[in-house]
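Worksheet: one structure, shown below.
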Amino acid sequence: MRKSQLLAGVFAGALCASGAFADDVTSGTSSVGRIDVQGVGADAASEPGAGLMIPEESAKQKSTVTRAYIEEMRPTSSPFQALMMLPGVNTSSDDAYGLSGGRLTVRGFNSDQMGFTVQGVPVNDSGNYAVYPQEFVDIENLEEIFLTQGAVDTNAPHVGASGGNIGLVLTAPSDKFGGTAAQSFGQSSMSRTFARVDSGLLPTNTKFFISGSETHAEKWRGEGSDRRQHADTEVVQKIGDESDIDTAVLFNYAVNDSYRTATKAQWQTVGRKFDYDTSFVPLDTNFYRLRVNPFKNVIAETTAHLQLRDNLRLTVEPYIWYGIGNGGGATVFKESSPPANYSGFGGELSTGTKLPVDLNGNGSTRDSVLFYTPSITETYRPGIQTNLTYELDNHTIGTGFWFEHARHVQTGPAIPVDNIGNPGSIWGDAGQLVDQTTGMPAEYRKWVTINIARQFYVQDEARWLHDSLKTVVGLRLPSLERDATNNEFGVPAAYNHVSKYYADFLPTVGANYEFIQSNSVFADFTKNMRAPQNYPLFDNPPNMSQKAETSYNYELGYRYQTKDYLVQTAVFWTDFYNRQATATDPESLLTTDTNVGATRSKGVELSAGAKLSDRWSVFSSATYNDNRLRNNFLAGIGTNGLPEYLPTKGKTYIETPKILASLGTAYAYQGFFAGAQAKFTGVRYSTLVNDEKTAPYTTLDAQAGYHFGDVGWVNDPVLTFNVTNILDKNYLSQISTFKNNASNVKTAGGTVSGASPLYMLGAPRTFSLTLSAKF
C-alpha cells in the first residue's frame, strides 16, 4: 500500500511538472521517404539483435534501430547516438547527453554526405548539407531509424547525398486514449521533463498526439550550459479503410554554449578540461559567453496517402522547414584600420586605404574594440514530393517528382560587447554596428542563396520464382540550381550575382534471392551525387568550376534470418570522384571546401543478432574499411612557379577508421531489464598526408531498470538508470577540423607549412536516472 501511494505521488508530481501525458502507440505507415514499421518485440531483450536489427529483404545493405532499443536509451539522446552500434558507423557527441550535436561518418562518408529525412522531409542544411541531430525530434516519439550504408534510395529527396541515407520515422498516434510522463536527472545538473498525450481514435476517424519536453544541463567542461525546449505533434485523419492524411509539426528551440576544440598538444598538456575562457578580460575573443549557439527551427508536413484503385496508390507530401540561428564568435577591431569586409565602415577607399573610425564613441580612433560576430543563417524551405505506385502482375512500378525552393540567407553582423563579456544579443538581431557612411549594418558576409531542387524518379520492383527472387531497377534525375547574391562591401559587380546548375542521371540495379529458406544473397549497384555546397559561389572570385561529387557504390551480401537469429554481411566497393572535404575554423568560423580528388573505399561489414532465450538477446557488428586517396593533392603553386604536390596518393582518408566493432546485449526478467553496449573505434587520421592520427579507443555504456507494474491509477511505472563511458576513457572523440599536413612537407614548389588539426574531446563517465509512467 505504501509503495502504491509513493509511486502514484511521484508520477503525479512528474505529471504536474509536465502539464500533459501520453501513451505508447502502434506502428506507423509507409509513405514518401518512409517504410512500414514492424517491431517484433516489446523490449530489447525480446528481439533478436537487442533492437538493433530486423529482418531485411532489401537488395542493398541496410540497418535499422527499433523502438525497443530506443526506449532503453537515455531520453536526451540524439539520433546519431542511436546509430552508434551499427556496422560502418562511427559517431561521437560533444556531450554525453546529445544536446550539443556531434559527428557521424558511415564508411568514411560524413553526415553532410548522407541524406537525412524526418517523416520523409529532407533536413540536411540547404547550403552546406550539415545535419544537426539534436534539433529534430524527441526520441520518445521515434518508432525507428533506418540507414542504408552506401546506396541512396531511388525515391529519396536529396541533391546532397553521395554516401547513403538515414530516415527517422515517428511513432504514430495511438488508437487508444492515454499518455506518458517522464522526469530525468543526471550529472552536470541535467534535468529533463517530457510528456505526451494521445487522443485515441475519435468518432471522426481522427487521432493525434502532442508532446513537449524541456531539458537543461551544465557543460561537462568549462562554463555554460545547454538549454532545449521541444514540441512534436502528429494528426492522422483516416479516409476509408486504406487512405489517410497525416500532418506532423516538430518545433525546437535551443541555446547551447559551445565546447572548444583542441589540438592534440593542448589536449595532452591541459587535459580533457580544455575549453573557452571562464573569466572575461578586455578583448578576449575566447570568452565562453561569446561562443554560443542559439537556434530555433520548425518542420511541418502533410502527407496524403490515397488508395486510388486496388493496384494504384498516390502519396503527396507538401512541407516547409524554417530555421534561424548562429554559431557565435568574436572579433577585435582596430579603430585605426577597421576590417575591409565589414561593409567598409570608416570610409574604406577603392584603393584599399582605411580611414580611422570611432567605434565605441569615446572620441578616440586609436582603440581596439571587441565585437560579438555571429555567423547567422536563416532558411525558408518549402517543398513538395509525390509518389505514384502501380502494381502490375509481379511488378510494383513507382514514379514521382520532388520540388523544393529554399531561400538561404547568411549574414555576419557586429554586436557590441559590454564590460563583463555579454553580447548585446546572442541572436545578432539587436544593437548591430552600423556603417556611418551608408547607414547599413556592418557585416562580414551578406549572402543570399536561392536553391531550387528538382528530382524525377522511376523504379520497377519485381518478384520472380514464387517470390524468392526480388529485382530492383531504378533511375533518379536530381538537379540543383544555386542562385547566389553576394552583397558584401567591395565585391566586384561581376561577382555580385552568379548562378550554377548541377544535374546527373543516377541509376540503381539490385537483386535479393532467397536460395534456401532463411538464406538469401543480395547485390546492388547505385550511383550517387552530391552537388557542391554554396560556399564556393561566394569566393572572390566565385569558384564556378567546382564539380559535383559522384560515387559508384557496389555491394554483395548474404543474410541468414530466422525467428531467433539474424545475420547480415556485405562486401562493398565505392569509387568516389571529386570528393569534397569540408573544414570549418572554429575561431574565424570560415568554411573551406577542398576537392581532394578521387578516393576508393573497399571492405566488409558484418552484423549478427540472436535471441538466446526469452530473457536474453545479443547483437554484434564489425567493419573493415580500406579507404584511400587515389591521387596526390595539389596544395598550391610555389614561388618558383612549380606545383606543390603533397604525397597523399595511397594514404588513408581522414576520419575513417579501418576497424570498427560493437557488442551489445539486453536482458529482461520479471520486470527487471538491463543492457550494455561496447564500441571499439580504430585509428583515424586527421591529415591528408597521414602525419597525425588518433589512438584507438573503446567505450562502454550500460542501462538497467525496473517495471513496477500497474500501481493504482499509474500504468507501468518504470525506473531507468543509464551510464555512458563507464570506464571514464579520456579520448579524442572526433576530428573537428582536418589539415592537409601537420608537419612541414618539402615539394617541388617549396616547403608546405604544416598546421595542427583540431579535435573534440570525449565526454567523461556520466550517470542519469529517469522515472516514467503511462496513464
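Ligands are numbered from 1 in the order shown, residues from 1 within each chain, and chains are lettered A, B, ... in the order they appear in the C-alpha cells.
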- Task: Pull the strand (DSSP E or B) assignments for range 618-738 of chain A out of DSSP run on the backbone, and list those residues as a count of residues only.
- Result: 77
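DSSP, applied to the backbone of this structure, assigns alpha helix (DSSP H) to the following residues of range 240-440 of chain A: Lys264, Ala265, Gln266, Trp267, Gln268, Thr269 and Val270 of chain A.
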Just the selected residues (N, CA and C atoms), exported as a PDB file, in the first residue's frame, please.
ATOM      1  N   LYS A 264      45.993  18.337 -30.537  1.00  0.00           N
ATOM      2  CA  LYS A 264      46.446  17.194 -29.742  1.00  0.00           C
ATOM      3  C   LYS A 264      47.385  17.655 -28.629  1.00  0.00           C
ATOM      4  N   ALA A 265      48.233  18.645 -28.917  1.00  0.00           N
ATOM      5  CA  ALA A 265      49.159  19.160 -27.907  1.00  0.00           C
ATOM      6  C   ALA A 265      48.407  19.819 -26.753  1.00  0.00           C
ATOM      7  N   GLN A 266      47.353  20.576 -27.053  1.00  0.00           N
ATOM      8  CA  GLN A 266      46.558  21.208 -25.987  1.00  0.00           C
ATOM      9  C   GLN A 266      45.873  20.160 -25.129  1.00  0.00           C
ATOM     10  N   TRP A 267      45.363  19.129 -25.758  1.00  0.00           N
ATOM     11  CA  TRP A 267      44.708  18.049 -25.006  1.00  0.00           C
ATOM     12  C   TRP A 267      45.703  17.317 -24.111  1.00  0.00           C
ATOM     13  N   GLN A 268      46.882  17.035 -24.653  1.00  0.00           N
ATOM     14  CA  GLN A 268      47.885  16.317 -23.880  1.00  0.00           C
ATOM     15  C   GLN A 268      48.436  17.155 -22.734  1.00  0.00           C
ATOM     16  N   THR A 269      48.449  18.483 -22.921  1.00  0.00           N
ATOM     17  CA  THR A 269      49.002  19.374 -21.901  1.00  0.00           C
ATOM     18  C   THR A 269      47.968  19.755 -20.846  1.00  0.00           C
ATOM     19  N   VAL A 270      46.810  20.202 -21.280  1.00  0.00           N
ATOM     20  CA  VAL A 270      45.778  20.698 -20.373  1.00  0.00           C
ATOM     21  C   VAL A 270      44.850  19.575 -19.910  1.00  0.00           C
TER      22      VAL A 270
END
- Task: Could you please determine the separation between CA of Gln134 in chain A and CA of Met73 in chain A in Å, to one decimal place?
- Result: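 CA of Met73 in chain A lies 14.6 Å from CA of Gln134 in chain A.
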- Message: Which residues are close to range 251-259 of chain A, i.e. within 6 Å by only C-alpha atoms, leaving aside same-chain residues fewer than 4 positions away? Reply as JSON, numbers by chain.
- Response: {"A": [135, 224, 225, 226, 227, 228, 229, 230, 231, 291, 292, 293, 294, 295, 296, 297, 298]}
Can you write out the residues you just picked, keeping N, CA, C and O atoms, as an mmCIF file, in the first residue's frame?
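So result21.cif came out as:
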data_model
loop_
_atom_site.group_PDB
_atom_site.id
_atom_site.type_symbol
_atom_site.label_atom_id
_atom_site.label_comp_id
_atom_site.auth_asym_id
_atom_site.auth_seq_id
_atom_site.Cartn_x
_atom_site.Cartn_y
_atom_site.Cartn_z
ATOM 1 N N GLU A 135 18.191 18.658 -33.028
ATOM 2 C CA GLU A 135 17.060 19.547 -33.280
ATOM 3 C C GLU A 135 15.784 18.822 -33.699
ATOM 4 O O GLU A 135 14.698 19.376 -33.580
ATOM 5 N N GLY A 224 29.056 27.333 -18.794
ATOM 6 C CA GLY A 224 27.973 27.389 -19.763
ATOM 7 C C GLY A 224 27.041 26.204 -19.627
ATOM 8 O O GLY A 224 27.229 25.311 -18.790
ATOM 9 N N SER A 225 26.033 26.172 -20.465
ATOM 10 C CA SER A 225 25.010 25.134 -20.365
ATOM 11 C C SER A 225 24.346 24.895 -21.715
ATOM 12 O O SER A 225 24.560 25.634 -22.676
ATOM 13 N N ASP A 226 23.542 23.825 -21.744
ATOM 14 C CA ASP A 226 22.701 23.503 -22.894
ATOM 15 C C ASP A 226 21.251 23.607 -22.449
ATOM 16 O O ASP A 226 20.855 22.990 -21.451
ATOM 17 N N ARG A 227 20.455 24.383 -23.192
ATOM 18 C CA ARG A 227 19.034 24.562 -22.876
ATOM 19 C C ARG A 227 18.233 24.225 -24.118
ATOM 20 O O ARG A 227 18.511 24.732 -25.204
ATOM 21 N N ARG A 228 17.233 23.376 -23.954
ATOM 22 C CA ARG A 228 16.443 22.923 -25.104
ATOM 23 C C ARG A 228 14.981 22.823 -24.726
ATOM 24 O O ARG A 228 14.627 22.233 -23.710
ATOM 25 N N GLN A 229 14.127 23.379 -25.579
ATOM 26 C CA GLN A 229 12.679 23.207 -25.474
ATOM 27 C C GLN A 229 12.194 22.622 -26.795
ATOM 28 O O GLN A 229 12.599 23.090 -27.872
ATOM 29 N N HIS A 230 11.336 21.630 -26.705
ATOM 30 C CA HIS A 230 10.948 20.923 -27.930
ATOM 31 C C HIS A 230 9.478 20.515 -27.851
ATOM 32 O O HIS A 230 8.960 20.200 -26.774
ATOM 33 N N ALA A 231 8.800 20.524 -29.007
ATOM 34 C CA ALA A 231 7.411 20.073 -29.089
ATOM 35 C C ALA A 231 7.200 19.328 -30.400
ATOM 36 O O ALA A 231 7.709 19.740 -31.450
ATOM 37 N N ARG A 291 30.833 32.413 -27.293
ATOM 38 C CA ARG A 291 30.880 31.185 -28.088
ATOM 39 C C ARG A 291 29.604 30.393 -27.822
ATOM 40 O O ARG A 291 29.598 29.342 -27.186
ATOM 41 N N VAL A 292 28.519 30.953 -28.292
ATOM 42 C CA VAL A 292 27.195 30.416 -28.017
ATOM 43 C C VAL A 292 26.525 30.012 -29.321
ATOM 44 O O VAL A 292 26.834 30.560 -30.389
ATOM 45 N N ASN A 293 25.640 29.030 -29.245
ATOM 46 C CA ASN A 293 24.980 28.501 -30.443
ATOM 47 C C ASN A 293 23.464 28.495 -30.232
ATOM 48 O O ASN A 293 22.887 27.489 -29.824
ATOM 49 N N PRO A 294 22.793 29.637 -30.509
ATOM 50 C CA PRO A 294 21.330 29.662 -30.415
ATOM 51 C C PRO A 294 20.702 29.240 -31.742
ATOM 52 O O PRO A 294 21.198 29.592 -32.814
ATOM 53 N N PHE A 295 19.622 28.483 -31.668
ATOM 54 C CA PHE A 295 18.961 28.047 -32.899
ATOM 55 C C PHE A 295 17.508 27.698 -32.603
ATOM 56 O O PHE A 295 17.192 27.156 -31.551
ATOM 57 N N LYS A 296 16.638 28.015 -33.546
ATOM 58 C CA LYS A 296 15.245 27.584 -33.462
ATOM 59 C C LYS A 296 14.778 27.189 -34.849
ATOM 60 O O LYS A 296 15.174 27.803 -35.853
ATOM 61 N N ASN A 297 13.967 26.172 -34.908
ATOM 62 C CA ASN A 297 13.500 25.703 -36.214
ATOM 63 C C ASN A 297 12.175 24.962 -36.072
ATOM 64 O O ASN A 297 11.804 24.506 -34.978
ATOM 65 N N VAL A 298 11.481 24.839 -37.177
ATOM 66 C CA VAL A 298 10.221 24.106 -37.213
ATOM 67 C C VAL A 298 10.145 23.328 -38.515
ATOM 68 O O VAL A 298 10.571 23.809 -39.578
#
- Item | Near-range 401-412 of chain A list (7 Å; only C-alpha atoms; drop same-chain fewer than 6 positions) as number ranges by chain | A: 126-127, 157, 373-387, 443-457
Could you save those same residues with C-alpha atoms as a compact mmCIF listing (two decimals), in the first residue's frame?
# COMPACT_ATOMS: atom_id res chain seq x y z
CA SER A 126 20.21 23.56 -47.93
CA GLY A 127 23.53 25.40 -48.19
CA PRO A 157 14.56 13.63 -51.93
CA THR A 373 30.37 38.47 -34.64
CA PRO A 374 27.98 35.53 -35.12
CA SER A 375 27.57 33.65 -38.39
CA ILE A 376 23.78 33.87 -38.80
CA THR A 377 21.86 31.58 -41.13
CA GLU A 378 18.12 31.87 -41.81
CA THR A 379 16.39 29.42 -44.12
CA TYR A 380 12.88 29.27 -45.60
CA ARG A 381 12.46 25.90 -47.27
CA PRO A 382 9.11 24.86 -48.75
CA GLY A 383 8.83 21.80 -50.94
CA ILE A 384 6.58 19.02 -52.20
CA GLN A 385 7.11 15.42 -53.21
CA THR A 386 4.82 12.93 -54.89
CA ASN A 387 4.93 9.20 -55.36
CA GLU A 443 28.58 42.67 -41.86
CA TYR A 444 31.46 40.37 -42.79
CA ARG A 445 29.16 38.34 -45.00
CA LYS A 446 25.89 39.23 -46.63
CA TRP A 447 24.82 36.32 -48.79
CA VAL A 448 21.55 35.13 -50.24
CA THR A 449 21.33 31.76 -51.96
CA ILE A 450 18.19 30.58 -53.76
CA ASN A 451 18.37 26.80 -54.06
CA ILE A 452 15.91 25.20 -56.45
CA ALA A 453 15.97 21.41 -56.25
CA ARG A 454 14.10 19.06 -58.55
CA GLN A 455 14.08 15.31 -58.92
CA PHE A 456 12.20 12.82 -61.09
CA TYR A 457 12.49 9.12 -60.45
Need the shell around Ile166 in chain A: protein/DNA/RNA residues with any atom at most 12 Å away, counting only C-alpha atoms. Skip same-chain ones fewer than 5 positions apart. Format as a PDB file with N, CA and C atoms, in the first residue's frame?
ATOM      1  N   GLY A  33       9.514   8.463 -48.576  1.00  0.00           N
ATOM      2  CA  GLY A  33      10.634   8.540 -47.673  1.00  0.00           C
ATOM      3  C   GLY A  33      10.462   7.747 -46.398  1.00  0.00           C
ATOM      4  N   ARG A  34       9.415   6.964 -46.272  1.00  0.00           N
ATOM      5  CA  ARG A  34       9.185   6.196 -45.060  1.00  0.00           C
ATOM      6  C   ARG A  34       9.085   4.706 -45.380  1.00  0.00           C
ATOM      7  N   ILE A  35       9.051   3.907 -44.332  1.00  0.00           N
ATOM      8  CA  ILE A  35       8.918   2.463 -44.509  1.00  0.00           C
ATOM      9  C   ILE A  35       7.890   1.947 -43.522  1.00  0.00           C
ATOM     10  N   LYS A  62      21.493  -2.581 -45.445  1.00  0.00           N
ATOM     11  CA  LYS A  62      20.569  -1.720 -44.702  1.00  0.00           C
ATOM     12  C   LYS A  62      20.521  -2.161 -43.247  1.00  0.00           C
ATOM     13  N   SER A  63      20.407  -1.187 -42.347  1.00  0.00           N
ATOM     14  CA  SER A  63      20.319  -1.472 -40.919  1.00  0.00           C
ATOM     15  C   SER A  63      19.190  -0.657 -40.311  1.00  0.00           C
ATOM     16  N   THR A  64      18.640  -1.159 -39.206  1.00  0.00           N
ATOM     17  CA  THR A  64      17.504  -0.496 -38.563  1.00  0.00           C
ATOM     18  C   THR A  64      17.646  -0.566 -37.055  1.00  0.00           C
ATOM     19  N   VAL A  65      17.368   0.557 -36.398  1.00  0.00           N
ATOM     20  CA  VAL A  65      17.262   0.624 -34.937  1.00  0.00           C
ATOM     21  C   VAL A  65      15.782   0.714 -34.597  1.00  0.00           C
ATOM     22  N   PRO A  79      19.635  11.154 -32.504  1.00  0.00           N
ATOM     23  CA  PRO A  79      19.653  10.039 -33.463  1.00  0.00           C
ATOM     24  C   PRO A  79      21.057   9.534 -33.778  1.00  0.00           C
ATOM     25  N   PHE A  80      22.072  10.415 -33.772  1.00  0.00           N
ATOM     26  CA  PHE A  80      23.436   9.959 -34.002  1.00  0.00           C
ATOM     27  C   PHE A  80      23.827   8.915 -32.961  1.00  0.00           C
ATOM     28  N   ALA A  82      21.891   6.971 -31.318  1.00  0.00           N
ATOM     29  CA  ALA A  82      21.115   5.740 -31.515  1.00  0.00           C
ATOM     30  C   ALA A  82      21.738   4.842 -32.579  1.00  0.00           C
ATOM     31  N   LEU A  83      22.496   5.416 -33.508  1.00  0.00           N
ATOM     32  CA  LEU A  83      23.085   4.652 -34.609  1.00  0.00           C
ATOM     33  C   LEU A  83      24.466   4.096 -34.283  1.00  0.00           C
ATOM     34  N   VAL A  89      29.317   2.490 -38.973  1.00  0.00           N
ATOM     35  CA  VAL A  89      29.008   3.776 -38.358  1.00  0.00           C
ATOM     36  C   VAL A  89      30.064   4.159 -37.325  1.00  0.00           C
ATOM     37  N   LEU A 104      29.021  12.182 -37.262  1.00  0.00           N
ATOM     38  CA  LEU A 104      28.713  10.832 -37.725  1.00  0.00           C
ATOM     39  C   LEU A 104      29.363  10.611 -39.073  1.00  0.00           C
ATOM     40  N   THR A 105      30.028   9.473 -39.221  1.00  0.00           N
ATOM     41  CA  THR A 105      30.503   9.043 -40.528  1.00  0.00           C
ATOM     42  C   THR A 105      30.034   7.610 -40.754  1.00  0.00           C
ATOM     43  N   VAL A 106      29.793   7.275 -42.012  1.00  0.00           N
ATOM     44  CA  VAL A 106      29.386   5.928 -42.402  1.00  0.00           C
ATOM     45  C   VAL A 106      30.261   5.508 -43.579  1.00  0.00           C
ATOM     46  N   SER A 111      28.403  13.024 -42.240  1.00  0.00           N
ATOM     47  CA  SER A 111      26.947  13.189 -42.178  1.00  0.00           C
ATOM     48  C   SER A 111      26.433  14.162 -43.230  1.00  0.00           C
ATOM     49  N   ASP A 112      27.261  15.145 -43.649  1.00  0.00           N
ATOM     50  CA  ASP A 112      26.800  16.068 -44.691  1.00  0.00           C
ATOM     51  C   ASP A 112      26.904  15.459 -46.087  1.00  0.00           C
ATOM     52  N   GLN A 113      27.318  14.200 -46.163  1.00  0.00           N
ATOM     53  CA  GLN A 113      27.278  13.445 -47.416  1.00  0.00           C
ATOM     54  C   GLN A 113      26.194  12.369 -47.382  1.00  0.00           C
ATOM     55  N   MET A 114      25.471  12.297 -46.274  1.00  0.00           N
ATOM     56  CA  MET A 114      24.351  11.382 -46.121  1.00  0.00           C
ATOM     57  C   MET A 114      23.056  12.175 -46.265  1.00  0.00           C
ATOM     58  N   GLY A 115      22.056  11.572 -46.871  1.00  0.00           N
ATOM     59  CA  GLY A 115      20.758  12.223 -46.961  1.00  0.00           C
ATOM     60  C   GLY A 115      19.906  11.884 -45.755  1.00  0.00           C
ATOM     61  N   PHE A 116      19.413  12.913 -45.037  1.00  0.00           N
ATOM     62  CA  PHE A 116      18.596  12.716 -43.840  1.00  0.00           C
ATOM     63  C   PHE A 116      17.164  13.136 -44.107  1.00  0.00           C
ATOM     64  N   THR A 117      16.206  12.316 -43.647  1.00  0.00           N
ATOM     65  CA  THR A 117      14.796  12.692 -43.700  1.00  0.00           C
ATOM     66  C   THR A 117      14.153  12.450 -42.342  1.00  0.00           C
ATOM     67  N   VAL A 118      13.172  13.288 -41.998  1.00  0.00           N
ATOM     68  CA  VAL A 118      12.313  13.092 -40.849  1.00  0.00           C
ATOM     69  C   VAL A 118      10.882  13.077 -41.359  1.00  0.00           C
ATOM     70  N   GLN A 119      10.202  11.961 -41.217  1.00  0.00           N
ATOM     71  CA  GLN A 119       8.864  11.782 -41.800  1.00  0.00           C
ATOM     72  C   GLN A 119       8.871  12.072 -43.298  1.00  0.00           C
ATOM     73  N   GLY A 120       9.963  11.728 -43.962  1.00  0.00           N
ATOM     74  CA  GLY A 120      10.074  11.946 -45.400  1.00  0.00           C
ATOM     75  C   GLY A 120      10.557  13.317 -45.797  1.00  0.00           C
ATOM     76  N   VAL A 121      10.689  14.261 -44.852  1.00  0.00           N
ATOM     77  CA  VAL A 121      11.115  15.623 -45.162  1.00  0.00           C
ATOM     78  C   VAL A 121      12.644  15.697 -45.144  1.00  0.00           C
ATOM     79  N   PRO A 122      13.290  16.197 -46.198  1.00  0.00           N
ATOM     80  CA  PRO A 122      14.747  16.334 -46.179  1.00  0.00           C
ATOM     81  C   PRO A 122      15.170  17.422 -45.190  1.00  0.00           C
ATOM     82  N   VAL A 123      16.148  17.119 -44.337  1.00  0.00           N
ATOM     83  CA  VAL A 123      16.520  18.052 -43.275  1.00  0.00           C
ATOM     84  C   VAL A 123      17.994  18.430 -43.285  1.00  0.00           C
ATOM     85  N   ASN A 124      18.769  17.975 -44.281  1.00  0.00           N
ATOM     86  CA  ASN A 124      20.127  18.498 -44.409  1.00  0.00           C
ATOM     87  C   ASN A 124      20.059  19.992 -44.702  1.00  0.00           C
ATOM     88  N   VAL A 131      24.055  18.469 -40.792  1.00  0.00           N
ATOM     89  CA  VAL A 131      22.960  17.820 -40.067  1.00  0.00           C
ATOM     90  C   VAL A 131      23.110  18.154 -38.582  1.00  0.00           C
ATOM     91  N   PRO A 133      21.500  16.826 -35.402  1.00  0.00           N
ATOM     92  CA  PRO A 133      20.588  15.770 -34.933  1.00  0.00           C
ATOM     93  C   PRO A 133      19.828  16.124 -33.672  1.00  0.00           C
ATOM     94  N   GLU A 144      11.405   4.169 -35.292  1.00  0.00           N
ATOM     95  CA  GLU A 144      12.645   3.544 -35.735  1.00  0.00           C
ATOM     96  C   GLU A 144      13.485   4.519 -36.538  1.00  0.00           C
ATOM     97  N   ILE A 145      14.748   4.137 -36.724  1.00  0.00           N
ATOM     98  CA  ILE A 145      15.693   4.870 -37.562  1.00  0.00           C
ATOM     99  C   ILE A 145      16.306   3.854 -38.510  1.00  0.00           C
ATOM    100  N   PHE A 146      16.246   4.151 -39.815  1.00  0.00           N
ATOM    101  CA  PHE A 146      16.847   3.223 -40.772  1.00  0.00           C
ATOM    102  C   PHE A 146      18.022   3.876 -41.482  1.00  0.00           C
ATOM    103  N   LEU A 147      18.965   3.049 -41.892  1.00  0.00           N
ATOM    104  CA  LEU A 147      20.204   3.504 -42.514  1.00  0.00           C
ATOM    105  C   LEU A 147      20.557   2.605 -43.685  1.00  0.00           C
ATOM    106  N   THR A 148      20.842   3.213 -44.839  1.00  0.00           N
ATOM    107  CA  THR A 148      21.481   2.487 -45.938  1.00  0.00           C
ATOM    108  C   THR A 148      22.924   2.972 -45.994  1.00  0.00           C
ATOM    109  N   GLN A 149      23.863   2.030 -45.851  1.00  0.00           N
ATOM    110  CA  GLN A 149      25.263   2.413 -45.650  1.00  0.00           C
ATOM    111  C   GLN A 149      25.950   2.963 -46.895  1.00  0.00           C
ATOM    112  N   GLY A 150      25.434   2.726 -48.086  1.00  0.00           N
ATOM    113  CA  GLY A 150      26.141   3.215 -49.263  1.00  0.00           C
ATOM    114  C   GLY A 150      25.244   3.723 -50.367  1.00  0.00           C
ATOM    115  N   ALA A 151      24.086   3.108 -50.527  1.00  0.00           N
ATOM    116  CA  ALA A 151      23.210   3.415 -51.654  1.00  0.00           C
ATOM    117  C   ALA A 151      22.068   4.323 -51.209  1.00  0.00           C
ATOM    118  N   VAL A 152      21.866   5.405 -51.940  1.00  0.00           N
ATOM    119  CA  VAL A 152      20.745   6.305 -51.676  1.00  0.00           C
ATOM    120  C   VAL A 152      19.491   5.713 -52.313  1.00  0.00           C
ATOM    121  N   ASP A 153      18.370   5.732 -51.575  1.00  0.00           N
ATOM    122  CA  ASP A 153      17.120   5.217 -52.116  1.00  0.00           C
ATOM    123  C   ASP A 153      16.700   6.010 -53.344  1.00  0.00           C
ATOM    124  N   ALA A 156      14.390   8.909 -52.660  1.00  0.00           N
ATOM    125  CA  ALA A 156      14.782   9.805 -51.578  1.00  0.00           C
ATOM    126  C   ALA A 156      15.006  11.222 -52.114  1.00  0.00           C
ATOM    127  N   PRO A 157      14.488  12.252 -51.418  1.00  0.00           N
ATOM    128  CA  PRO A 157      14.557  13.634 -51.925  1.00  0.00           C
ATOM    129  C   PRO A 157      15.869  14.323 -51.554  1.00  0.00           C
ATOM    130  N   HIS A 158      16.944  13.990 -52.287  1.00  0.00           N
ATOM    131  CA  HIS A 158      18.262  14.531 -51.936  1.00  0.00           C
ATOM    132  C   HIS A 158      19.044  14.963 -53.174  1.00  0.00           C
ATOM    133  N   ALA A 161      23.461  13.861 -51.319  1.00  0.00           N
ATOM    134  CA  ALA A 161      23.730  12.567 -50.687  1.00  0.00           C
ATOM    135  C   ALA A 161      24.583  11.713 -51.609  1.00  0.00           C
TER     136      ALA A 161
END
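For the choices A:Ala462, A:Val718, A:Met544, A:Ala531, the atom-to-atom distance to Tyr513 in chain A is smallest for A:Ala462 when using only C-alpha atoms.
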- Residue among A:Met85, A:Val604, A:Ile637, A:Val159 lying closest to Leu506 in chain A, counting only C-alpha atoms: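 So, comparing all the options, the nearest one is A:Val159.
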